[in-house]
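Enquirer: Provided below: my_file05.cif, containing mmCIF, C-alpha atoms and all ligand atoms.
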```cif
data_model
#
loop_
_atom_site.label_atom_id
_atom_site.label_comp_id
_atom_site.auth_asym_id
_atom_site.auth_seq_id
_atom_site.Cartn_x
_atom_site.Cartn_y
_atom_site.Cartn_z
CA MET A 659 20.70 -20.95 -28.16
CA SER A 660 18.83 -21.00 -24.87
CA ALA A 661 15.50 -19.31 -24.38
CA THR A 662 16.99 -16.61 -22.19
CA SER A 663 19.76 -15.72 -24.58
CA LEU A 664 17.24 -15.55 -27.39
CA ILE A 665 15.08 -13.11 -25.54
CA SER A 666 18.09 -10.95 -24.68
CA SER A 667 19.32 -11.00 -28.25
CA VAL A 668 15.99 -9.45 -29.20
CA ASP A 669 16.60 -6.92 -26.45
CA SER A 670 19.96 -5.82 -27.78
CA ARG A 671 18.34 -4.62 -31.01
CA THR A 672 17.08 -1.39 -29.55
CA SER A 673 14.46 0.26 -31.64
CA GLU A 674 13.77 3.96 -31.59
CA ILE A 675 11.43 4.84 -28.77
CA ILE A 676 8.44 7.02 -29.36
CA PRO A 677 6.65 7.89 -26.10
CA PRO A 678 4.66 6.64 -24.18
CA LEU A 679 7.81 5.20 -22.64
CA LEU A 680 6.33 2.34 -20.63
CA GLY A 681 7.45 -1.02 -21.98
CA ALA A 682 10.88 0.28 -23.02
CA SER A 683 14.03 -1.53 -21.88
CA VAL A 684 17.04 0.00 -20.09
CA ALA A 685 18.93 0.01 -23.40
CA GLU A 686 16.06 1.74 -25.20
CA LEU A 687 15.65 4.32 -22.44
CA SER A 688 19.40 4.96 -22.37
CA ALA A 689 19.35 5.62 -26.11
CA TRP A 690 16.33 7.87 -25.65
CA VAL A 691 17.84 10.02 -22.88
CA GLN A 692 20.95 10.51 -25.01
CA GLN A 693 18.75 11.78 -27.83
CA GLN A 694 17.49 14.31 -25.31
CA GLY A 695 21.09 15.45 -24.73
CA GLN A 696 21.47 13.65 -21.38
CA PRO A 697 24.13 11.16 -20.26
CA ALA A 698 23.32 7.47 -20.83
CA TYR A 699 23.21 6.60 -17.10
CA ARG A 700 20.02 8.62 -16.78
CA GLY A 701 18.36 5.84 -18.79
CA LYS A 702 18.91 3.44 -15.93
CA GLN A 703 17.50 5.97 -13.47
CA LEU A 704 14.51 6.54 -15.71
CA HIS A 705 13.96 2.78 -15.90
CA GLU A 706 14.02 2.46 -12.11
CA TRP A 707 11.58 5.32 -11.61
CA ILE A 708 9.16 3.99 -14.22
CA TYR A 709 9.17 0.31 -13.19
CA GLN A 710 10.25 0.17 -9.54
CA LYS A 711 8.91 3.43 -8.17
CA GLY A 712 5.94 3.54 -10.53
CA VAL A 713 6.19 7.29 -11.12
CA ARG A 714 3.19 8.69 -12.98
CA SER A 715 4.77 11.88 -14.33
CA LEU A 716 8.33 12.18 -15.58
CA GLY A 717 8.38 15.66 -14.04
CA ASP A 718 8.38 13.99 -10.61
CA ILE A 719 11.74 12.25 -11.02
CA SER A 720 13.59 14.16 -8.32
CA VAL A 721 17.07 12.90 -9.27
CA PHE A 722 16.84 14.67 -12.64
CA PRO A 723 17.91 18.29 -13.21
CA LYS A 724 15.07 20.77 -12.64
CA GLN A 725 15.07 22.27 -16.10
CA TRP A 726 14.93 18.90 -17.81
CA ARG A 727 12.13 17.81 -15.48
CA ALA A 728 10.01 20.68 -16.70
CA GLU A 729 10.43 19.45 -20.29
CA LEU A 730 9.89 15.83 -19.28
CA ALA A 731 6.60 16.58 -17.57
CA GLU A 732 5.03 16.86 -21.03
CA ILE A 733 6.18 13.42 -22.16
CA PRO A 734 3.74 10.57 -21.50
CA ILE A 735 4.79 7.45 -19.60
CA GLY A 736 1.60 5.68 -20.64
CA ARG A 737 -0.18 5.13 -17.33
CA SER A 738 -3.93 4.67 -17.28
CA THR A 739 -6.29 5.99 -14.61
CA ILE A 740 -8.48 3.81 -12.41
CA HIS A 741 -12.02 4.60 -13.51
CA HIS A 742 -13.70 2.08 -11.21
CA ARG A 743 -12.65 -0.61 -8.77
CA ALA A 744 -14.85 -3.50 -7.56
CA VAL A 745 -13.73 -5.73 -4.70
CA ALA A 746 -15.18 -9.27 -4.51
CA PRO A 747 -15.57 -11.01 -1.12
CA ASP A 748 -12.69 -13.36 -2.01
CA GLY A 749 -10.32 -10.37 -2.31
CA THR A 750 -10.24 -10.34 -6.10
CA ILE A 751 -10.35 -6.80 -7.43
CA LYS A 752 -11.69 -5.85 -10.83
CA TYR A 753 -10.47 -2.57 -12.27
CA LEU A 754 -11.95 -0.55 -15.06
CA LEU A 755 -9.01 1.35 -16.46
CA GLN A 756 -9.39 4.40 -18.62
CA LEU A 757 -6.96 4.76 -21.51
CA LYS A 758 -5.73 7.97 -23.15
CA ASP A 759 -8.41 7.85 -25.86
CA GLY A 760 -11.16 7.37 -23.28
CA GLN A 761 -11.60 3.64 -23.93
CA ILE A 762 -12.17 1.45 -20.90
CA ILE A 763 -10.59 -1.94 -20.34
CA GLU A 764 -10.87 -4.47 -17.53
CA THR A 765 -8.01 -5.86 -15.49
CA VAL A 766 -8.28 -8.24 -12.55
CA GLY A 767 -5.99 -8.62 -9.53
CA ILE A 768 -6.25 -12.07 -7.93
CA PRO A 769 -4.51 -12.60 -4.57
CA THR A 770 -3.87 -16.19 -3.39
CA ASP A 771 -1.58 -17.08 -0.49
CA LYS A 772 1.72 -15.51 -1.41
CA ARG A 773 0.83 -15.03 -5.04
CA LEU A 774 -0.60 -12.01 -6.75
CA THR A 775 -1.86 -12.81 -10.25
CA VAL A 776 -2.95 -10.17 -12.71
CA CYS A 777 -5.33 -11.03 -15.52
CA VAL A 778 -4.59 -8.57 -18.33
CA SER A 779 -6.59 -7.53 -21.38
CA THR A 780 -4.93 -7.43 -24.79
CA GLN A 781 -7.69 -5.71 -26.79
CA VAL A 782 -10.52 -3.30 -26.14
CA GLY A 783 -13.39 -5.76 -26.58
CA CYS A 784 -12.91 -8.92 -28.63
CA PRO A 785 -13.85 -9.91 -32.19
CA MET A 786 -14.00 -13.69 -31.56
CA ALA A 787 -17.65 -13.76 -30.40
CA CYS A 788 -17.49 -17.05 -28.46
CA ASP A 789 -21.08 -17.80 -27.54
CA PHE A 790 -20.60 -18.13 -23.77
CA CYS A 791 -18.29 -15.14 -23.23
CA ALA A 792 -19.44 -11.66 -22.20
CA THR A 793 -16.49 -9.84 -23.76
CA GLY A 794 -17.41 -10.86 -27.30
CA LYS A 795 -21.01 -9.71 -26.82
CA GLY A 796 -19.79 -6.12 -26.50
CA GLY A 797 -17.96 -6.06 -29.84
CA TYR A 798 -14.41 -5.11 -30.68
CA GLN A 799 -12.72 -1.69 -30.67
CA ARG A 800 -8.96 -2.00 -31.06
CA ASN A 801 -5.71 -3.66 -30.06
CA LEU A 802 -3.89 -2.52 -26.95
CA ALA A 803 -0.38 -1.10 -27.27
CA ARG A 804 2.59 -2.56 -25.41
CA TYR A 805 2.49 0.20 -22.80
CA GLU A 806 -1.23 -0.35 -22.18
CA ILE A 807 -0.62 -4.02 -21.37
CA VAL A 808 2.37 -3.38 -19.08
CA ASP A 809 0.48 -0.56 -17.33
CA GLN A 810 -2.21 -2.98 -16.16
CA VAL A 811 0.37 -4.98 -14.21
CA LEU A 812 1.97 -1.90 -12.61
CA THR A 813 -1.45 -0.54 -11.71
CA VAL A 814 -2.47 -3.69 -9.84
CA GLN A 815 0.97 -3.95 -8.21
CA GLN A 816 0.68 -0.41 -6.88
CA ASP A 817 -2.90 -0.77 -5.75
CA PHE A 818 -2.22 -3.99 -3.82
CA GLN A 819 1.19 -2.66 -2.64
CA GLN A 820 2.48 -6.13 -3.35
CA ARG A 821 4.72 -7.51 -6.07
CA VAL A 822 2.87 -9.19 -8.90
CA SER A 823 4.08 -12.79 -9.15
CA HIS A 824 2.07 -14.07 -12.12
CA VAL A 825 0.40 -12.58 -15.18
CA VAL A 826 -2.24 -14.35 -17.25
CA PHE A 827 -3.24 -12.92 -20.61
CA MET A 828 -6.85 -13.97 -20.09
CA GLY A 829 -8.68 -10.68 -19.89
CA MET A 830 -10.55 -9.00 -22.71
CA GLY A 831 -9.43 -9.81 -26.22
CA GLU A 832 -7.62 -12.44 -28.23
CA PRO A 833 -3.86 -12.14 -27.59
CA LEU A 834 -2.82 -13.81 -30.84
CA LEU A 835 -4.65 -11.17 -32.88
CA ASN A 836 -2.26 -8.68 -31.26
CA THR A 837 0.86 -10.82 -31.30
CA GLU A 838 3.45 -8.09 -31.81
CA ASN A 839 2.34 -6.00 -28.84
CA VAL A 840 1.74 -9.08 -26.71
CA LEU A 841 5.29 -10.32 -27.38
CA ALA A 842 6.69 -6.87 -26.61
CA ALA A 843 4.68 -6.72 -23.38
CA LEU A 844 5.82 -10.23 -22.38
CA LYS A 845 9.42 -9.17 -22.88
CA SER A 846 8.96 -6.05 -20.79
CA LEU A 847 7.09 -7.87 -18.01
CA ASN A 848 9.94 -10.36 -17.89
CA GLN A 849 12.91 -8.04 -18.17
CA ASP A 850 11.68 -4.69 -16.85
CA VAL A 851 9.03 -5.63 -14.30
CA GLY A 852 10.96 -8.77 -13.33
CA ILE A 853 8.35 -11.53 -13.64
CA GLY A 854 9.74 -14.96 -14.58
CA GLN A 855 8.74 -16.26 -18.00
CA ARG A 856 7.27 -19.37 -16.43
CA SER A 857 4.93 -17.16 -14.44
CA LEU A 858 3.51 -15.63 -17.63
CA THR A 859 0.58 -17.36 -19.38
CA VAL A 860 -0.94 -16.47 -22.73
CA SER A 861 -4.39 -17.85 -23.46
CA THR A 862 -5.71 -18.15 -27.01
CA VAL A 863 -8.78 -19.56 -28.68
CA GLY A 864 -6.50 -20.41 -31.60
CA ILE A 865 -5.74 -18.36 -34.72
CA ARG A 866 -4.35 -20.27 -37.69
CA ASP A 867 -0.52 -20.30 -37.86
CA ARG A 868 -0.10 -18.03 -34.85
CA ILE A 869 0.69 -20.77 -32.31
CA ARG A 870 3.38 -22.07 -34.64
CA GLN A 871 4.74 -18.53 -35.02
CA LEU A 872 4.72 -18.01 -31.26
CA ALA A 873 6.70 -21.23 -30.83
CA GLN A 874 9.48 -19.78 -33.00
CA HIS A 875 10.24 -17.31 -30.21
CA HIS A 876 11.24 -20.21 -27.94
CA LEU A 877 9.75 -18.59 -24.88
CA GLN A 878 9.38 -20.39 -21.57
CA ILE A 879 5.94 -18.91 -20.98
CA THR A 880 2.86 -21.12 -20.59
CA LEU A 881 0.54 -21.38 -23.57
CA ALA A 882 -3.10 -22.02 -22.70
CA VAL A 883 -5.48 -22.96 -25.51
CA SER A 884 -9.22 -22.54 -25.12
CA LEU A 885 -10.53 -25.83 -26.46
CA HIS A 886 -14.03 -26.15 -24.92
CA ALA A 887 -15.09 -29.08 -27.10
CA PRO A 888 -13.65 -32.47 -28.04
CA ASN A 889 -14.84 -32.42 -31.66
CA GLN A 890 -15.14 -29.95 -34.50
CA ALA A 891 -18.95 -29.96 -34.74
CA LEU A 892 -19.44 -28.95 -31.13
CA ARG A 893 -16.50 -26.59 -31.11
CA GLU A 894 -17.72 -24.54 -34.04
CA GLN A 895 -21.16 -24.34 -32.47
CA LEU A 896 -19.60 -22.62 -29.42
CA ILE A 897 -16.78 -20.74 -31.14
CA PRO A 898 -17.65 -19.23 -34.55
CA SER A 899 -13.98 -18.62 -35.39
CA ALA A 900 -13.39 -22.39 -35.24
CA ARG A 901 -15.32 -22.91 -38.49
CA PRO A 902 -12.44 -22.18 -40.88
CA TYR A 903 -9.84 -23.64 -38.50
CA PRO A 904 -10.57 -27.29 -37.79
CA LEU A 905 -9.78 -28.79 -34.41
CA GLU A 906 -7.25 -31.19 -35.88
CA ASP A 907 -5.26 -28.29 -37.39
CA LEU A 908 -5.32 -26.49 -34.04
CA LEU A 909 -4.14 -29.61 -32.21
CA ALA A 910 -1.40 -30.18 -34.80
CA GLU A 911 -0.09 -26.67 -34.15
CA CYS A 912 -0.20 -27.30 -30.41
CA ARG A 913 1.86 -30.46 -30.90
CA GLU A 914 4.42 -28.46 -32.84
CA TYR A 915 4.47 -25.93 -30.02
CA VAL A 916 5.35 -28.65 -27.53
CA GLU A 917 8.06 -30.03 -29.81
CA ILE A 918 9.64 -26.66 -30.49
CA THR A 919 9.48 -25.15 -27.00
CA GLY A 920 9.62 -28.27 -24.83
CA ARG A 921 6.77 -26.77 -22.79
CA ARG A 922 3.51 -28.55 -22.24
CA VAL A 923 0.31 -26.84 -23.39
CA SER A 924 -2.63 -26.13 -21.08
CA PHE A 925 -6.09 -26.66 -22.50
CA GLU A 926 -8.98 -24.69 -21.08
CA TYR A 927 -12.39 -26.29 -21.23
CA VAL A 928 -15.44 -24.36 -20.05
CA LEU A 929 -17.95 -26.84 -18.66
CA LEU A 930 -21.48 -26.11 -19.91
CA ALA A 931 -24.15 -28.37 -18.42
CA GLY A 932 -25.66 -30.75 -20.96
CA VAL A 933 -23.62 -29.23 -23.79
CA ASN A 934 -20.02 -30.42 -23.47
CA ASP A 935 -19.89 -32.05 -20.01
CA LEU A 936 -21.14 -35.57 -20.72
CA PRO A 937 -19.02 -38.70 -20.10
CA GLU A 938 -18.67 -39.25 -23.85
CA HIS A 939 -17.21 -35.74 -24.18
CA ALA A 940 -14.63 -36.53 -21.53
CA LEU A 941 -13.67 -39.75 -23.32
CA GLU A 942 -13.45 -37.99 -26.66
CA LEU A 943 -11.33 -35.24 -25.12
CA ALA A 944 -8.97 -37.83 -23.65
CA LYS A 945 -8.65 -39.38 -27.10
CA CYS A 946 -7.76 -36.00 -28.66
CA LEU A 947 -5.03 -35.42 -26.11
CA ARG A 948 -3.55 -38.89 -25.87
CA GLY A 949 0.25 -38.92 -25.96
CA PHE A 950 0.37 -35.16 -25.75
CA GLN A 951 2.28 -33.20 -23.09
CA SER A 952 -0.67 -31.25 -21.84
CA HIS A 953 -2.79 -30.27 -18.89
CA VAL A 954 -6.53 -29.72 -18.92
CA ASN A 955 -8.02 -26.87 -16.95
CA LEU A 956 -11.75 -27.31 -16.52
CA ILE A 957 -13.55 -24.01 -15.93
CA PRO A 958 -17.12 -24.41 -14.64
CA TYR A 959 -19.16 -21.90 -16.62
CA ASN A 960 -19.64 -18.46 -15.07
CA PRO A 961 -23.07 -17.06 -15.89
CA ILE A 962 -23.46 -14.10 -18.22
CA ALA A 963 -26.68 -12.28 -19.05
CA GLU A 964 -27.09 -12.89 -22.78
CA VAL A 965 -27.17 -16.70 -22.93
CA ASP A 966 -28.80 -19.41 -20.87
CA TYR A 967 -26.02 -21.94 -20.45
CA LYS A 968 -25.81 -23.56 -17.03
CA ARG A 969 -22.91 -24.56 -14.85
CA PRO A 970 -22.85 -28.33 -14.20
CA ASN A 971 -23.25 -29.45 -10.60
CA ARG A 972 -20.26 -30.69 -8.59
CA ASP A 973 -21.01 -34.38 -9.21
CA ARG A 974 -21.07 -33.88 -12.95
CA ILE A 975 -17.82 -31.92 -12.79
CA GLN A 976 -16.21 -34.62 -10.65
CA ALA A 977 -17.37 -37.36 -13.02
CA PHE A 978 -15.74 -35.51 -15.92
CA VAL A 979 -12.51 -35.16 -13.91
CA ASN A 980 -12.52 -38.85 -13.00
CA ILE A 981 -12.84 -40.00 -16.59
CA LEU A 982 -9.92 -37.80 -17.68
CA LYS A 983 -7.82 -39.09 -14.78
CA GLN A 984 -8.63 -42.69 -15.65
CA GLN A 985 -7.43 -41.91 -19.15
CA GLN A 986 -4.13 -40.58 -17.72
CA ILE A 987 -4.89 -36.97 -18.64
CA ALA A 988 -3.53 -34.34 -16.23
CA VAL A 989 -6.52 -32.27 -15.14
CA SER A 990 -7.53 -29.62 -12.63
CA VAL A 991 -10.71 -27.67 -12.02
CA ARG A 992 -10.39 -23.93 -11.93
CA TYR A 993 -13.19 -22.34 -10.00
CA SER A 994 -12.90 -18.75 -11.16
CA ARG A 995 -12.27 -16.08 -8.60
CA GLY A 996 -14.10 -12.79 -8.48
CA LEU A 997 -17.53 -14.04 -9.53
CA GLU A 998 -19.32 -11.51 -7.34
CA ALA A 999 -17.50 -8.60 -8.94
CA ASP A 1000 -18.29 -9.89 -12.46
CA ALA A 1001 -14.54 -10.34 -12.69
CA ALA A 1002 -14.45 -14.08 -13.34
CA CYS A 1003 -13.46 -15.74 -16.63
CA GLY A 1004 -15.79 -14.71 -19.42
CA GLN A 1005 -17.52 -11.99 -17.44
CA LEU A 1006 -15.36 -9.08 -18.54
CA ARG A 1007 -17.10 -6.67 -20.86
CA ILE A 1008 -16.85 -3.11 -22.06
CA ASN A 1009 -18.66 -1.14 -19.42
CA LYS A 1010 -18.58 2.60 -19.37
CA ASN A 1011 -20.56 3.24 -16.19
N1 LIG B 1101 -9.37 -14.96 -26.08
C1 LIG B 1101 -8.52 -15.74 -25.22
C2 LIG B 1101 -8.34 -15.05 -23.90
C3 LIG B 1101 -9.58 -15.03 -23.02
S1 LIG B 1101 -9.20 -16.06 -21.71
C4 LIG B 1101 -9.07 -17.15 -25.08
O1 LIG B 1101 -10.17 -17.38 -25.55
O2 LIG B 1101 -8.38 -18.02 -24.58
C5 LIG B 1101 -10.63 -16.27 -20.92
C6 LIG B 1101 -10.94 -17.73 -20.68
O3 LIG B 1101 -12.22 -17.75 -20.04
C7 LIG B 1101 -11.07 -18.50 -21.96
O4 LIG B 1101 -10.68 -19.83 -21.82
C8 LIG B 1101 -12.54 -18.39 -22.19
O5 LIG B 1101 -13.03 -19.34 -23.08
C9 LIG B 1101 -13.07 -18.56 -20.80
N2 LIG B 1101 -14.46 -18.11 -20.67
C10 LIG B 1101 -15.14 -17.30 -21.49
N3 LIG B 1101 -16.39 -17.13 -21.07
C11 LIG B 1101 -16.54 -17.86 -19.96
C12 LIG B 1101 -17.60 -18.08 -19.04
N4 LIG B 1101 -18.77 -17.48 -19.20
N5 LIG B 1101 -17.37 -18.89 -17.99
C13 LIG B 1101 -16.17 -19.46 -17.80
N6 LIG B 1101 -15.12 -19.27 -18.61
C14 LIG B 1101 -15.30 -18.49 -19.68
#
```
What is this file in structure tokens?

Expert:
Amino acid sequence: MSATSLISSVDSRTSEIIPPLLGASVAELSAWVQQQGQPAYRGKQLHEWIYQKGVRSLGDISVFPKQWRAELAEIPIGRSTIHHRAVAPDGTIKYLLQLKDGQIIETVGIPTDKRLTVCVSTQVGCPMACDFCATGKGGYQRNLARYEIVDQVLTVQQDFQQRVSHVVFMGMGEPLLNTENVLAALKSLNQDVGIGQRSLTVSTVGIRDRIRQLAQHHLQITLAVSLHAPNQALREQLIPSARPYPLEDLLAECREYVEITGRRVSFEYVLLAGVNDLPEHALELAKCLRGFQSHVNLIPYNPIAEVDYKRPNRDRIQAFVNILKQQQIAVSVRYSRGLEADAACGQLRINKN
């Protein structure tokens, strides 16, 4: 069975919809409108108004009968409100979005050439507490629901008045601690919002067994794994959650992911001067990844207030790149966008200002 038919076979099992409606498929919305005593075709109209027109109140759907609209106005779609918006000089926009319960999350819109990438959050805060990341310093509140993840993409799309081409699950939170809602949001972004699976990336620091479980869904999305160190001792110093989950177990799961999905895995590696950026680290990293369909994304560290790590200079970064290349490892350097708006990788935090 191909990846696409698998995802649509999940779709045909329509579950009962409890509003907020955002994230629901055409089939689910058609079933829902029928429960409301309306003809099934109104489900398709509802779908178009929610996803294409981005309506914020169901009472505003002018093609629906007046009386029904009055009832619908009470039913939540699940849209957030923009609490704050910070524009960086490079055009990246960071949004603080306010959810129904008052919680605030961060979402980033990143325009490049013809692309518009949205970096979405999957949790309010994050429990992983990686030492170099601002999100973990603020603690963890809760998982985001499917509708709260999809909303972030529609919000950025509407604000930029441009179609979102790519979504990276690299905002606040650990996606694989919220797998069910993340999978549901991926499905909706693909089928309802219309973003290709290959343009969807989920980034994880690694939670035991979850990468293997994700592979079973045979998705064509990109999996990015936050590695950050080429050996267990250094990794657990930077990432407390790595202690009970050794690097070799994580890498074994990644290998299974490649075998099962046929997709290569991206590895993210934050470069911290003097900590994990030495030539021997590059060589050790190359050894870990030998014979592995992978790609390494080096992310020069973005400063946060609580810790005094430093970003390596360009020569050091280039030396690291060169060693990986010599070892036949596919590598690129990702200079984060949005630094000036505190919107770059690792700078997102709960902020209620
Ligand atoms: N929890 C997931 C999703 C967050 S993605 C994960 O860890 O993969 C955010 C990416 O930015 C991760 O690779 C993360 O390690 C990286 N990051 C965190 N803090 C950073 C910082 N200060 N500078 C650069 N990158 C950072």

Enquirer: Using only C-alpha atoms, determine which residues lie at most 8 Å from Ile865 (chain A), disregarding the query and same-chain residues fewer than 2 positions distant; provide the list as a ChimeraX atom specification.

Expert: /A:834-835,862-863,867-869,903

Enquirer: Check the smallest atom-to-atom distance from each of A:His886, A:Lys983, A:Arg1007, A:Arg974 to ligand LIG 1101 (chain B) using all atoms listed in the file, then report the winner.

Expert: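 Going through A:His886, A:Lys983, A:Arg1007, A:Arg974 one by one, the smallest distance to ligand LIG 1101 (chain B) is for A:His886.
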
Enquirer: Write out as an NGL selection string which residues come within 7 Å of Ala873 (chain A) when counting all atoms listed in the file, dropping same-chain ones fewer than 4 positions away.

Expert: :A and (869 or 915 or 918-919)

Enquirer: Go through A:Leu844, A:Leu947, A:Ile962, A:Ile675 and flag the residue nearest ligand LIG 1101 (chain B), using only C-alpha atoms and all ligand atoms for the distances.

Expert: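 Result for the nearest residue to ligand LIG 1101 (chain B): A:Ile962.
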
Enquirer: Once you count only C-alpha atoms and all ligand atoms, which residues end up within 6 Å of ligand LIG 1101 (chain B), and could you hand them over as an mmCIF file with C-alpha atoms, in the coordinates of the input?

Expert:
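So the final result, stored in result.cif, reads:
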```
data_model
loop_
_atom_site.group_PDB
_atom_site.id
_atom_site.type_symbol
_atom_site.label_atom_id
_atom_site.label_comp_id
_atom_site.auth_asym_id
_atom_site.auth_seq_id
_atom_site.Cartn_x
_atom_site.Cartn_y
_atom_site.Cartn_z
ATOM 1 C CA PHE A 790 -20.600 -18.130 -23.770
ATOM 2 C CA CYS A 791 -18.290 -15.140 -23.230
ATOM 3 C CA MET A 828 -6.850 -13.970 -20.090
ATOM 4 C CA GLY A 829 -8.680 -10.680 -19.890
ATOM 5 C CA GLY A 831 -9.430 -9.810 -26.220
ATOM 6 C CA GLU A 832 -7.620 -12.440 -28.230
ATOM 7 C CA SER A 861 -4.390 -17.850 -23.460
ATOM 8 C CA THR A 862 -5.710 -18.150 -27.010
ATOM 9 C CA VAL A 863 -8.780 -19.560 -28.680
ATOM 10 C CA VAL A 883 -5.480 -22.960 -25.510
ATOM 11 C CA SER A 884 -9.220 -22.540 -25.120
ATOM 12 C CA GLU A 926 -8.980 -24.690 -21.080
ATOM 13 C CA VAL A 928 -15.440 -24.360 -20.050
ATOM 14 C CA ILE A 957 -13.550 -24.010 -15.930
ATOM 15 C CA PRO A 958 -17.120 -24.410 -14.640
ATOM 16 C CA TYR A 959 -19.160 -21.900 -16.620
ATOM 17 C CA ASN A 960 -19.640 -18.460 -15.070
ATOM 18 C CA PRO A 961 -23.070 -17.060 -15.890
ATOM 19 C CA ILE A 962 -23.460 -14.100 -18.220
ATOM 20 C CA CYS A 1003 -13.460 -15.740 -16.630
ATOM 21 C CA GLY A 1004 -15.790 -14.710 -19.420
ATOM 22 C CA GLN A 1005 -17.520 -11.990 -17.440
#
```

Enquirer: Where atoms are absent from region 843-849 of chain A, fill them in so it carries all heavy atoms, then output it as a PDB file, in the frame of the given file.

Expert:
```pdb
ATOM      1  N   ALA A 843       5.082  -6.858 -24.787  1.00  0.00           N
ATOM      2  CA  ALA A 843       4.680  -6.720 -23.380  1.00  0.00           C
ATOM      3  C   ALA A 843       5.252  -7.863 -22.546  1.00  0.00           C
ATOM      4  O   ALA A 843       5.709  -7.657 -21.421  1.00  0.00           O
ATOM      5  CB  ALA A 843       3.154  -6.686 -23.272  1.00  0.00           C
ATOM      6  N   LEU A 844       5.253  -9.082 -23.104  1.00  0.00           N
ATOM      7  CA  LEU A 844       5.820 -10.230 -22.380  1.00  0.00           C
ATOM      8  C   LEU A 844       7.293  -9.960 -22.070  1.00  0.00           C
ATOM      9  O   LEU A 844       7.776 -10.206 -20.964  1.00  0.00           O
ATOM     10  CB  LEU A 844       5.722 -11.508 -23.226  1.00  0.00           C
ATOM     11  CG  LEU A 844       4.351 -12.171 -23.328  1.00  0.00           C
ATOM     12  CD1 LEU A 844       4.361 -13.228 -24.431  1.00  0.00           C
ATOM     13  CD2 LEU A 844       3.937 -12.806 -22.000  1.00  0.00           C
ATOM     14  N   LYS A 845       7.990  -9.448 -23.065  1.00  0.00           N
ATOM     15  CA  LYS A 845       9.420  -9.170 -22.880  1.00  0.00           C
ATOM     16  C   LYS A 845       9.623  -8.130 -21.772  1.00  0.00           C
ATOM     17  O   LYS A 845      10.478  -8.292 -20.897  1.00  0.00           O
ATOM     18  CB  LYS A 845      10.025  -8.679 -24.200  1.00  0.00           C
ATOM     19  CG  LYS A 845      11.533  -8.643 -24.168  1.00  0.00           C
ATOM     20  CD  LYS A 845      12.099  -8.230 -25.498  1.00  0.00           C
ATOM     21  CE  LYS A 845      12.450  -6.767 -25.417  1.00  0.00           C
ATOM     22  NZ  LYS A 845      12.908  -6.170 -26.651  1.00  0.00           N
ATOM     23  N   SER A 846       8.809  -7.093 -21.803  1.00  0.00           N
ATOM     24  CA  SER A 846       8.960  -6.050 -20.790  1.00  0.00           C
ATOM     25  C   SER A 846       8.564  -6.550 -19.403  1.00  0.00           C
ATOM     26  O   SER A 846       9.228  -6.236 -18.407  1.00  0.00           O
ATOM     27  CB  SER A 846       8.114  -4.826 -21.173  1.00  0.00           C
ATOM     28  OG  SER A 846       8.217  -3.843 -20.177  1.00  0.00           O
ATOM     29  N   LEU A 847       7.507  -7.340 -19.327  1.00  0.00           N
ATOM     30  CA  LEU A 847       7.090  -7.870 -18.010  1.00  0.00           C
ATOM     31  C   LEU A 847       8.195  -8.749 -17.436  1.00  0.00           C
ATOM     32  O   LEU A 847       8.470  -8.748 -16.241  1.00  0.00           O
ATOM     33  CB  LEU A 847       5.782  -8.661 -18.131  1.00  0.00           C
ATOM     34  CG  LEU A 847       4.551  -7.813 -18.452  1.00  0.00           C
ATOM     35  CD1 LEU A 847       3.337  -8.697 -18.723  1.00  0.00           C
ATOM     36  CD2 LEU A 847       4.250  -6.825 -17.318  1.00  0.00           C
ATOM     37  N   ASN A 848       8.856  -9.488 -18.315  1.00  0.00           N
ATOM     38  CA  ASN A 848       9.940 -10.360 -17.890  1.00  0.00           C
ATOM     39  C   ASN A 848      11.173  -9.551 -17.497  1.00  0.00           C
ATOM     40  O   ASN A 848      11.707  -9.683 -16.387  1.00  0.00           O
ATOM     41  CB  ASN A 848      10.235 -11.345 -19.031  1.00  0.00           C
ATOM     42  CG  ASN A 848      11.382 -12.290 -18.722  1.00  0.00           C
ATOM     43  OD1 ASN A 848      12.265 -12.488 -19.552  1.00  0.00           O
ATOM     44  ND2 ASN A 848      11.410 -12.878 -17.540  1.00  0.00           N
ATOM     45  N   GLN A 849      11.615  -8.678 -18.389  1.00  0.00           N
ATOM     46  CA  GLN A 849      12.910  -8.040 -18.170  1.00  0.00           C
ATOM     47  C   GLN A 849      12.841  -6.733 -17.388  1.00  0.00           C
ATOM     48  O   GLN A 849      13.800  -6.372 -16.715  1.00  0.00           O
ATOM     49  CB  GLN A 849      13.582  -7.781 -19.519  1.00  0.00           C
ATOM     50  CG  GLN A 849      13.823  -9.099 -20.257  1.00  0.00           C
ATOM     51  CD  GLN A 849      14.616  -8.942 -21.528  1.00  0.00           C
ATOM     52  OE1 GLN A 849      14.721  -7.842 -22.072  1.00  0.00           O
ATOM     53  NE2 GLN A 849      15.173 -10.031 -22.013  1.00  0.00           N
TER      54      GLN A 849
END
```
